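Visitor: The structure that follows is given in the form of C-alpha cells.
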Amino acid sequence: MGSTSATAAGFMLMEQSVSGIGNCFAGAGADAYDASTVYFNPAGMTYLEGSQVAAGFHVIAPTFKFENDGSTHILQDITGQGLTGGNGGNGGITKAAPNLYYVNNDSDLAWGIGVNAPFGNATDYGETWVGRYHGTDSEIITVNINPSVAYKVNEQFSVGGGLNIQYLEATLGSMIDFGTALSALGFTPQGDDGKVSLQADSFGYGWNVGMMFNIDDTSRLGFSYRSKIKHDAEGDADFSVPADVRATLNGMGATDLYVDVDASASITLPAMAVLAYFNQVTPKLALMGNIVWTQWDTMDELVAEFDNDQPDNVTVMEWENSFRYAIGATYSYSERLDLRCGISYEETPIPDAEHRTPRIPDDNRWWVSVGAGYQAGSQLNLDFGLTQIFADSMEIDKSESFADDENDYIRGGLKGDYNSSVTILSAQAVYSF
C-alpha cells in the first residue's frame, strides 16, 4: 500500500473510491455505486447484485510551498540571528493510494471486505530548511482490512457493519540544534546540527456500522459511523550526532543521551460519521450530497517516549472536530457512459497558526471534481476521476506558542506562510460476476 500527503482534513485520506471521487464523494454513504460502499456505508452492499470486485488507485500530487517571514531563534537577542535556512522547496511528495473491495450479495444477506489506506501523510523539506528543527521528513502509512456484513431488513431499510484491523507505520525525522544547546561550551548555534529519526508501528482495532433508508423509489438516506482506533506504536529512535558533540556529551557524563534507543508513542485516530442523501431525479440525472463529521479532538498532543533518560519529544496539537460538506451530480449520457461532477468544502481541525505544523500544513480547502464511468462490457466497468483541491493561504507562527509548548521554544519560532494545492488522478476497474 502506498502512503501519500494527506488530502482530506488533517491526514485523513478520503480517496477510497474512484466512482465516488467524481462526485467529490457527495453521495458517499447513500449512492452504493459499487463494492467501495464497504468503506463508506456497508449497508449499501445489499444494493449490489451477485459478486463484485473493485480495484482502484489514486495518483496524488500535492504542492506545499513555505515562505519564511521572520522566524525567530532562542538566542536571537544575543546573536542577532533568527532561524537560518531556506524555504524547503515543495514539501509535498507525489504518491499512489490504492484500494481493493469485494462484495457478494446473493440474498438479503451480503458480505464483503475492503483493503485501503484511510490515513496517510508524507512530506520532505530536506535537512537545511529553516524549519528543520520542527521536521525534515514525515511519513505515515495505514493499511486497513475491513470485513463487513449487511442485511436487507425490508424493501425500505438495510443495515450493515464491520470490523477494522488496521496497521500503522510512522517515520518522523527532524534536526537537533546541538550548537545552541552547547553554545556555552563554544559550539555554534544552528551550526552543529544532529538528527533524530523516529520509527514505530502498531496494530489497532475498531468497528463501523451503517444503515440505508429508501424514502421512495427514487431517493434514499444513508448514515454510517466509523469508530476511533487507538494505536500504541513501538519502534526506535535513531540519532546522528556530530563526533565533537558526542565527545563533549560523553565528557559531561551524558553517555546515555542522544543514543539509539527504543521509543514508543500512542495516537488515537478519529471517529467519523457520515449523513448522505441520494436522489435519482430523472432516469438520466442523479443528485446527491453529504455531511461528514470527524472527531479530530482525539489529537491533543503527540508524545514520543524514549526508553532512557532522554526527555520526551512532544508536539502540542489541540486539534478540533471538523465538518466536510459536498454536493454532486451524475448524468447518464448514454447506456454506457455516466458523467460525474461535484464540489465540496472541508474544514481544517487545526485551530490556529500556533498549532500548525510543517509535517501537516493543513487548512480549510475546496474540492472540485469531475469523473466518468464507462461500461466496457457486460461485466466490466471503468471509472475515472480528476480532482483539484484549493487550500487557503496558511500561516504558521510557532513564535507565539512558546508558553504552551516548551519543545517549540527549543525548536525555534518558525514563522511564515504556506501556499498549497493538490491534483488527484484516479482510475478504477469494477468486475461483476
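How things are named: the first chain in the C-alpha cells is A, the next is B, and so on; residues count from 1 in each chain; ligands count from 1 in the order shown.
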Once DSSP has gone over the backbone, tell me which residues of segment 257-395 of chain A are in helix (DSSP H, G or I), as a PyMOL selection string.

Guide: chain A and resi 296-298+353-355

Visitor: With N, CA and C atoms kept, could you save the residues just selected as a PDB file, in the first residue's frame?

Guide:
ATOM      1  N   TRP A 296     -11.645  14.947  15.423  1.00  0.00           N
ATOM      2  CA  TRP A 296     -10.211  15.219  15.488  1.00  0.00           C
ATOM      3  C   TRP A 296      -9.730  15.641  16.870  1.00  0.00           C
ATOM      4  N   ASP A 297     -10.640  15.861  17.826  1.00  0.00           N
ATOM      5  CA  ASP A 297     -10.168  16.273  19.144  1.00  0.00           C
ATOM      6  C   ASP A 297      -9.444  15.151  19.892  1.00  0.00           C
ATOM      7  N   THR A 298      -9.365  13.961  19.280  1.00  0.00           N
ATOM      8  CA  THR A 298      -8.519  12.904  19.844  1.00  0.00           C
ATOM      9  C   THR A 298      -7.040  13.249  19.697  1.00  0.00           C
ATOM     10  N   ALA A 353      -2.647  29.356  13.804  1.00  0.00           N
ATOM     11  CA  ALA A 353      -1.298  29.323  13.230  1.00  0.00           C
ATOM     12  C   ALA A 353      -0.279  28.767  14.219  1.00  0.00           C
ATOM     13  N   GLU A 354      -0.535  28.935  15.519  1.00  0.00           N
ATOM     14  CA  GLU A 354       0.407  28.473  16.527  1.00  0.00           C
ATOM     15  C   GLU A 354       0.462  26.949  16.602  1.00  0.00           C
ATOM     16  N   HIS A 355      -0.631  26.282  16.238  1.00  0.00           N
ATOM     17  CA  HIS A 355      -0.692  24.830  16.334  1.00  0.00           C
ATOM     18  C   HIS A 355      -0.527  24.143  14.982  1.00  0.00           C
TER      19      HIS A 355
END

Visitor: With only C-alpha atoms as the counted atoms, please give the residues lying no more than 7 Å from Phe203 of chain A, apart from itself and same-chain residues fewer than 5 positions off, as JSON, numbers by chain.

Guide: {"A": [166, 167, 168, 231]}

Visitor: Those same residues, written as a compact mmCIF listing (two decimals), in the first residue's frame with N, CA and C atoms?

Guide:
# COMPACT_ATOMS: atom_id res chain seq x y z
N GLN A 166 -6.29 -2.60 11.58
CA GLN A 166 -5.53 -1.50 10.98
C GLN A 166 -4.07 -1.53 11.41
N TYR A 167 -3.20 -1.45 10.41
CA TYR A 167 -1.76 -1.36 10.64
C TYR A 167 -1.31 0.08 10.41
N LEU A 168 -0.48 0.59 11.30
CA LEU A 168 0.06 1.94 11.17
C LEU A 168 1.56 1.90 11.28
N HIS A 231 -3.74 3.48 18.57
CA HIS A 231 -2.50 2.78 18.23
C HIS A 231 -1.46 3.05 19.32

Visitor: I need the residue nearest Pro147 of chain A from this list: A:Ala273, A:Val38, A:Met211, A:Ala243. Use only C-alpha atoms for the distance.

Guide: A:Val38

Visitor: Provide the atom CA of Asn144 of chain A to atom CA of Tyr125 of chain A distance in Å, to one decimal place.

Guide: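 Atom CA of Tyr125 of chain A lies 28.2 Å from atom CA of Asn144 of chain A.
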
Visitor: Using only C-alpha atoms, which residue out of A:Thr180, A:Gln199, A:Asn308, A:Thr63 lies closest to Ser138 of chain A?

Guide: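 The answer is A:Gln199, which sits nearest to Ser138 of chain A.
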
Visitor: I'd like to know which of A:Met299, A:Leu425, A:Ile291, A:Ala26 is closest to Pro270 of chain A, using only C-alpha atoms.

Guide: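 Among A:Met299, A:Leu425, A:Ile291, A:Ala26, it is A:Met299 that comes nearest to Pro270 of chain A.
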